[in-house]
>>> print(open('model.txt').read())   # compact mmCIF, C-alpha atoms
# COMPACT_ATOMS: atom_id res chain seq x y z
CA ASP Q 1 -161.36 113.41 -65.77
CA ILE Q 2 -163.67 116.40 -65.33
CA LEU Q 3 -163.36 119.26 -67.78
CA ALA Q 4 -163.09 122.84 -66.54
CA ASP Q 5 -166.82 123.49 -66.77
CA GLY Q 6 -167.61 120.19 -65.07
CA SER Q 7 -170.00 119.19 -67.81
CA ILE Q 8 -168.13 116.35 -69.52
CA ARG Q 9 -166.39 113.35 -68.02
CA VAL Q 10 -163.98 111.32 -70.14
CA ILE Q 11 -164.58 107.57 -69.80
CA SER Q 12 -162.02 106.37 -72.36
CA ASP Q 13 -160.21 107.61 -75.44
CA HIS Q 14 -163.50 107.42 -77.34
CA VAL Q 15 -166.38 107.61 -74.85
CA ILE Q 16 -167.45 110.56 -72.71
CA GLU Q 17 -170.32 111.25 -70.34
CA LEU Q 18 -172.26 114.49 -70.50
CA ASP Q 19 -175.53 116.18 -69.66
CA PRO Q 20 -178.03 115.19 -72.40
CA MET Q 21 -179.37 118.76 -72.37
CA GLU Q 22 -176.01 119.88 -73.78
CA VAL Q 23 -176.46 117.78 -76.92
CA GLU Q 24 -178.39 119.64 -79.60
CA VAL Q 25 -180.62 118.21 -82.31
CA ASP Q 26 -179.28 119.30 -85.69
CA GLU Q 27 -182.04 120.17 -88.17
CA ASN Q 28 -179.59 119.66 -91.04
CA VAL Q 29 -179.49 115.94 -90.23
CA ASN Q 30 -183.01 115.50 -88.87
CA VAL Q 31 -184.26 112.21 -90.33
CA ARG Q 32 -187.61 112.45 -88.55
CA PRO Q 33 -189.04 115.65 -90.06
CA PHE Q 34 -192.66 114.52 -89.91
CA THR Q 35 -192.28 113.58 -86.24
CA ALA Q 36 -190.63 116.93 -85.50
CA LYS Q 37 -193.63 118.75 -87.01
CA HIS Q 38 -196.50 116.52 -85.84
CA GLY Q 39 -195.14 114.93 -82.67
CA SER Q 40 -194.17 111.38 -81.73
CA ASN Q 41 -196.62 108.55 -82.20
CA ASP Q 42 -197.66 106.21 -79.39
CA ASP Q 43 -195.19 103.53 -80.48
CA GLU Q 44 -192.30 105.99 -80.25
CA GLN Q 45 -193.32 107.20 -76.80
CA THR Q 46 -193.65 103.60 -75.61
CA ALA Q 47 -190.22 102.76 -77.04
CA VAL Q 48 -188.58 105.73 -75.31
CA GLN Q 49 -190.19 104.78 -71.99
CA ALA Q 50 -189.07 101.15 -72.39
CA LEU Q 51 -185.54 102.28 -73.20
CA ALA Q 52 -185.54 104.59 -70.17
CA ASP Q 53 -186.56 101.67 -67.96
CA SER Q 54 -183.78 99.53 -69.46
CA ILE Q 55 -181.14 102.22 -68.94
CA GLN Q 56 -182.21 102.66 -65.32
CA ALA Q 57 -181.97 98.91 -64.74
CA GLU Q 58 -178.89 97.98 -66.79
CA GLY Q 59 -177.22 101.28 -67.67
CA GLN Q 60 -176.69 102.73 -71.13
CA ILE Q 61 -174.97 99.91 -72.99
CA GLU Q 62 -174.48 101.59 -76.37
CA PRO Q 63 -173.17 105.19 -76.53
CA VAL Q 64 -174.79 107.73 -78.83
CA GLU Q 65 -172.77 109.40 -81.58
CA VAL Q 66 -172.30 113.16 -81.60
CA ARG Q 67 -170.31 115.55 -83.77
CA ARG Q 68 -168.87 118.99 -83.18
CA VAL Q 69 -170.54 121.87 -84.99
CA ASN Q 70 -169.20 125.35 -84.28
CA GLY Q 71 -167.95 124.26 -80.87
CA LYS Q 72 -171.22 122.57 -79.87
CA LEU Q 73 -172.16 118.89 -79.76
CA HIS Q 74 -174.90 117.75 -82.14
CA ILE Q 75 -176.55 114.34 -82.05
CA THR Q 76 -175.97 112.12 -85.08
CA VAL Q 77 -177.05 108.67 -83.92
CA GLY Q 78 -179.02 107.87 -80.78
CA THR Q 79 -181.76 110.48 -80.46
CA ARG Q 80 -184.02 107.93 -78.76
CA ARG Q 81 -181.30 107.12 -76.21
CA ARG Q 82 -180.83 110.84 -75.54
CA ASN Q 83 -184.58 111.28 -75.07
CA ALA Q 84 -184.69 108.27 -72.74
CA VAL Q 85 -181.97 109.71 -70.49
CA MET Q 86 -183.74 113.07 -70.49
CA LEU Q 87 -186.96 111.29 -69.48
CA ILE Q 88 -185.16 109.57 -66.60
CA ASN Q 89 -183.85 112.90 -65.33
CA MET Q 90 -187.24 114.60 -65.67
CA SER Q 91 -188.88 111.96 -63.46
CA ALA Q 92 -186.02 111.61 -60.97
CA ALA Q 93 -186.68 112.39 -57.33
CA GLU Q 94 -185.28 115.59 -55.87
CA GLY Q 95 -181.70 115.20 -54.75
CA VAL Q 96 -180.95 112.23 -57.03
CA SER Q 97 -177.91 112.74 -59.21
CA PRO Q 98 -178.93 113.10 -62.87
CA THR Q 99 -178.17 110.29 -65.29
CA ARG Q 100 -175.47 111.23 -67.76
CA LEU Q 101 -175.42 110.38 -71.44
CA ARG Q 102 -172.60 108.18 -72.74
CA ALA Q 103 -171.41 109.43 -76.13
CA ILE Q 104 -168.76 108.97 -78.78
CA VAL Q 105 -167.56 112.21 -80.35
CA LYS Q 106 -166.94 112.08 -84.10
CA GLU Q 107 -164.72 114.82 -85.49
CA ASP Q 108 -164.95 116.50 -88.91
CA VAL Q 109 -168.30 114.97 -89.92
CA SER Q 110 -170.12 116.81 -92.72
CA ASP Q 111 -173.88 117.39 -92.82
CA GLU Q 112 -174.17 114.90 -95.67
CA SER Q 113 -172.23 112.16 -93.85
CA ALA Q 114 -174.17 112.76 -90.65
CA PHE Q 115 -177.50 112.61 -92.49
CA ARG Q 116 -176.68 109.32 -94.20
CA ARG Q 117 -175.38 107.82 -90.95
CA ALA Q 118 -178.58 108.78 -89.15
CA MET Q 119 -180.74 107.45 -92.00
CA PHE Q 120 -179.01 104.06 -92.08
CA GLU Q 121 -179.18 103.74 -88.30
CA ASN Q 122 -182.93 104.40 -88.25
CA LEU Q 123 -183.66 102.17 -91.23
CA HIS Q 124 -181.59 99.36 -89.72
CA ARG Q 125 -183.43 99.60 -86.42
CA LYS Q 126 -186.77 100.08 -88.22
CA SER Q 127 -187.48 102.95 -85.84
CA MET Q 128 -188.55 105.47 -88.47
CA SER Q 129 -192.24 106.09 -89.12
CA PRO Q 130 -193.47 105.63 -92.71
CA MET Q 131 -194.31 109.34 -92.92
CA ASP Q 132 -190.78 110.30 -91.85
CA MET Q 133 -189.43 107.98 -94.55
CA ALA Q 134 -191.76 109.52 -97.13
CA THR Q 135 -190.72 113.05 -96.20
CA ASN Q 136 -187.05 112.07 -96.38
CA VAL Q 137 -187.49 110.56 -99.84
CA LYS Q 138 -188.95 113.84 -101.06
CA ALA Q 139 -186.14 115.84 -99.43
CA ILE Q 140 -183.46 113.63 -100.99
CA ARG Q 141 -185.02 114.01 -104.45
CA GLU Q 142 -185.06 117.78 -104.06
CA ARG Q 143 -181.54 117.93 -102.60
CA PHE Q 144 -179.94 116.10 -105.53
CA GLY Q 145 -182.45 116.92 -108.28
CA TRP Q 146 -183.27 113.24 -108.79
CA THR Q 147 -186.50 113.18 -110.78
CA GLY Q 148 -188.49 110.57 -112.69
CA LYS Q 149 -187.87 106.83 -112.73
CA ALA Q 150 -184.11 107.30 -112.99
CA GLY Q 151 -184.29 109.47 -109.90
CA THR Q 152 -186.27 106.81 -108.07
CA LYS Q 153 -183.44 104.32 -108.70
CA LYS Q 154 -180.87 106.82 -107.42
CA VAL Q 155 -182.87 107.50 -104.25
CA ALA Q 156 -183.21 103.74 -103.70
CA ASP Q 157 -179.46 103.24 -104.14
CA TYR Q 158 -178.75 106.14 -101.78
CA LEU Q 159 -180.97 104.65 -99.07
CA LYS Q 160 -180.06 101.04 -99.89
CA VAL Q 161 -183.70 100.08 -100.35
CA SER Q 162 -185.70 98.89 -103.37
CA PRO Q 163 -187.23 101.32 -105.90
CA ALA Q 164 -190.62 99.86 -104.93
CA THR Q 165 -190.04 100.97 -101.34
CA VAL Q 166 -189.30 104.51 -102.53
CA THR Q 167 -192.42 104.59 -104.70
CA GLN Q 168 -194.62 103.15 -101.96
CA HIS Q 169 -193.58 105.79 -99.46
CA GLU Q 170 -193.91 108.62 -101.96
CA LYS Q 171 -197.56 107.66 -102.45
CA LEU Q 172 -198.14 108.50 -98.79
CA LEU Q 173 -197.40 112.16 -99.55
CA THR Q 174 -200.48 112.28 -101.81
CA LEU Q 175 -202.80 111.40 -98.91
CA GLU Q 176 -204.90 113.96 -97.13
CA PRO Q 177 -203.27 115.18 -93.87
CA GLU Q 178 -205.75 113.26 -91.71
CA PHE Q 179 -204.70 109.98 -93.33
CA GLN Q 180 -201.02 110.86 -93.06
CA GLU Q 181 -201.58 111.32 -89.34
CA LYS Q 182 -203.24 107.89 -89.18
CA VAL Q 183 -200.22 106.29 -90.86
CA HIS Q 184 -197.81 108.14 -88.59
CA GLY Q 185 -199.81 107.11 -85.52
CA GLY Q 186 -199.94 103.47 -86.59
CA VAL Q 187 -203.73 103.51 -87.01
CA MET Q 188 -203.37 102.73 -90.73
CA SER Q 189 -200.57 100.64 -92.24
CA ALA Q 190 -198.37 102.03 -94.98
CA ASP Q 191 -199.58 99.29 -97.36
CA ALA Q 192 -203.23 100.11 -96.75
CA ALA Q 193 -202.54 103.80 -97.13
CA SER Q 194 -200.67 103.25 -100.41
CA SER Q 195 -203.60 101.25 -101.79
CA PHE Q 196 -205.95 104.02 -100.70
CA ALA Q 197 -203.75 106.65 -102.37
CA ALA Q 198 -203.77 104.64 -105.61
CA MET Q 199 -207.56 104.41 -105.48
CA VAL Q 200 -207.86 108.16 -104.94
CA PHE Q 201 -205.55 108.78 -107.91
CA LEU Q 202 -207.55 106.50 -110.22
CA ARG Q 203 -210.80 108.14 -109.15
CA SER Q 204 -209.30 111.56 -109.87
CA GLU Q 205 -208.16 110.43 -113.32
CA TYR Q 206 -211.59 108.99 -114.02
CA TRP Q 207 -213.32 112.27 -113.27
CA LYS Q 208 -210.83 114.15 -115.46
CA ILE Q 209 -211.72 111.89 -118.39
CA TYR Q 210 -215.43 112.14 -117.62
CA ALA Q 211 -215.28 115.93 -117.53
CA LYS Q 212 -213.37 116.01 -120.82
CA TRP Q 213 -215.85 113.86 -122.74
CA TYR Q 214 -219.13 114.69 -121.06
>>> encode(input="model.txt", output="structure tokens")
Amino acid sequence: DILADGSIRVISDHVIELDPMEVEVDENVNVRPFTAKHGSNDDEQTAVQALADSIQAEGQIEPVEVRRVNGKLHITVGTRRRNAVMLINMSAAEGVSPTRLRAIVKEDVSDESAFRRAMFENLHRKSMSPMDMATNVKAIRERFGWTGKAGTKKVADYLKVSPATVTQHEKLLTLEPEFQEKVHGGVMSADAASSFAAMVFLRSEYWKIYAKWY
């Protein structure tokens, strides 16, 4: 069935096809805030291109998830698939029918539910950069007022990860911007960056003590 505006085609009771340009990215559930500010890393661009090639060859096997917000469709799960379909259409030859995005529409989904769904999807697929994870940890702490060691445990429970994982990623936020960019770009591993951050902290504490006594 084609809707009145011709933009959405119903495939089944649950799946529709639509123009990917009509699906908006919702900043309230953006789980890649560092990427949004600093751009995608090379690994992400390679992954999107590989996914675009796969969709062209085999079709879009797994629909994205979208929700209705004030009459508009917002992406919840599947931003990479949306970007891949957009990439296909951008590089398509003139006169070729655009590839449409297969989607499942979820009704009555709150910002909080959408955010958690997007977080779990990205963590499960391991498609989130360490800097995005670090930024999300900070945002979750601020959102719920979870401070100190008790707060660390609550953040870990919320994300279904270990408290050590939360602490490790928070250390990345203490790095200088140039090193954060290296971690985001995959030039420096999160483990190496965390060790570097710890070294910088100890050096800072040393000079505080030195200045106090000498």
>>> residues_around(input="model.txt", residues="Q:Leu159", least_positions_apart="5", cutoff="10 Å", atoms="all atoms listed in the file", output="VMD selection string")
chain Q and resid 116 119 to 120 123 136 to 137 140 153 to 154 166
>>> residues_around(input="model.txt", residues="stretch 132-134 of chain Q", least_positions_apart="5", cutoff="7 Å", atoms="only C-alpha atoms", output="ChimeraX atom specification")
/Q:31-35,169-170,172-173
>>> atom_distance(input="model.txt", atom1="atom CA of Q:Val25", atom2="atom CA of Q:Val48")
16.4 Å
>>> residues_around(input="model.txt", residues="stretch 87-91 of chain Q", least_positions_apart="5", cutoff="10 Å", atoms="all atoms listed in the file", output="list in words")
Asp19, Pro20, Val48, Gln49, Leu51, Ala52, Asp53, Ile55, Gln56, Arg81, Arg82, Val96, Ser97, Pro98, Thr99 and Arg100 of chain Q
>>> closest_residue(input="model.txt", among="Q:Asp42, Q:Asp157, Q:Glu181, Q:Glu58", to="Q:Ala193", atoms="all atoms listed in the file")
Q:Glu181
>>> closest_residue(input="model.txt", among="Q:Val155, Q:Leu202, Q:Met131, Q:Thr167", to="Q:His184", atoms="only C-alpha atoms")
Q:Met131
>>> atom_distance(input="model.txt", atom1="atom CA of Q:Glu142", atom2="atom CA of Q:Glu44")
27.5 Å
>>> residues_around(input="model.txt", residues="Q:Gly78", least_positions_apart="5", cutoff="9 Å", atoms="only C-alpha atoms", output="PDB file with C-alpha atoms, keeping the file's coordinate frame")
ATOM      1  CA  GLU Q  62    -174.480 101.590 -76.370  1.00  0.00           C
ATOM      2  CA  PRO Q  63    -173.170 105.190 -76.530  1.00  0.00           C
ATOM      3  CA  VAL Q  64    -174.790 107.730 -78.830  1.00  0.00           C
ATOM      4  CA  GLU Q  65    -172.770 109.400 -81.580  1.00  0.00           C
ATOM      5  CA  VAL Q  66    -172.300 113.160 -81.600  1.00  0.00           C
ATOM      6  CA  ASN Q  83    -184.580 111.280 -75.070  1.00  0.00           C
ATOM      7  CA  ALA Q 118    -178.580 108.780 -89.150  1.00  0.00           C
ATOM      8  CA  GLU Q 121    -179.180 103.740 -88.300  1.00  0.00           C
TER       9      GLU Q 121
END
>>> atom_distance(input="model.txt", atom1="atom CA of Q:Ala198", atom2="atom CA of Q:His38")
24.2 Å
>>> closest_residue(input="model.txt", among="Q:Val161, Q:Gln60, Q:Asp43, Q:Ala197", to="Q:Gly185", atoms="only C-alpha atoms")
Q:Asp43
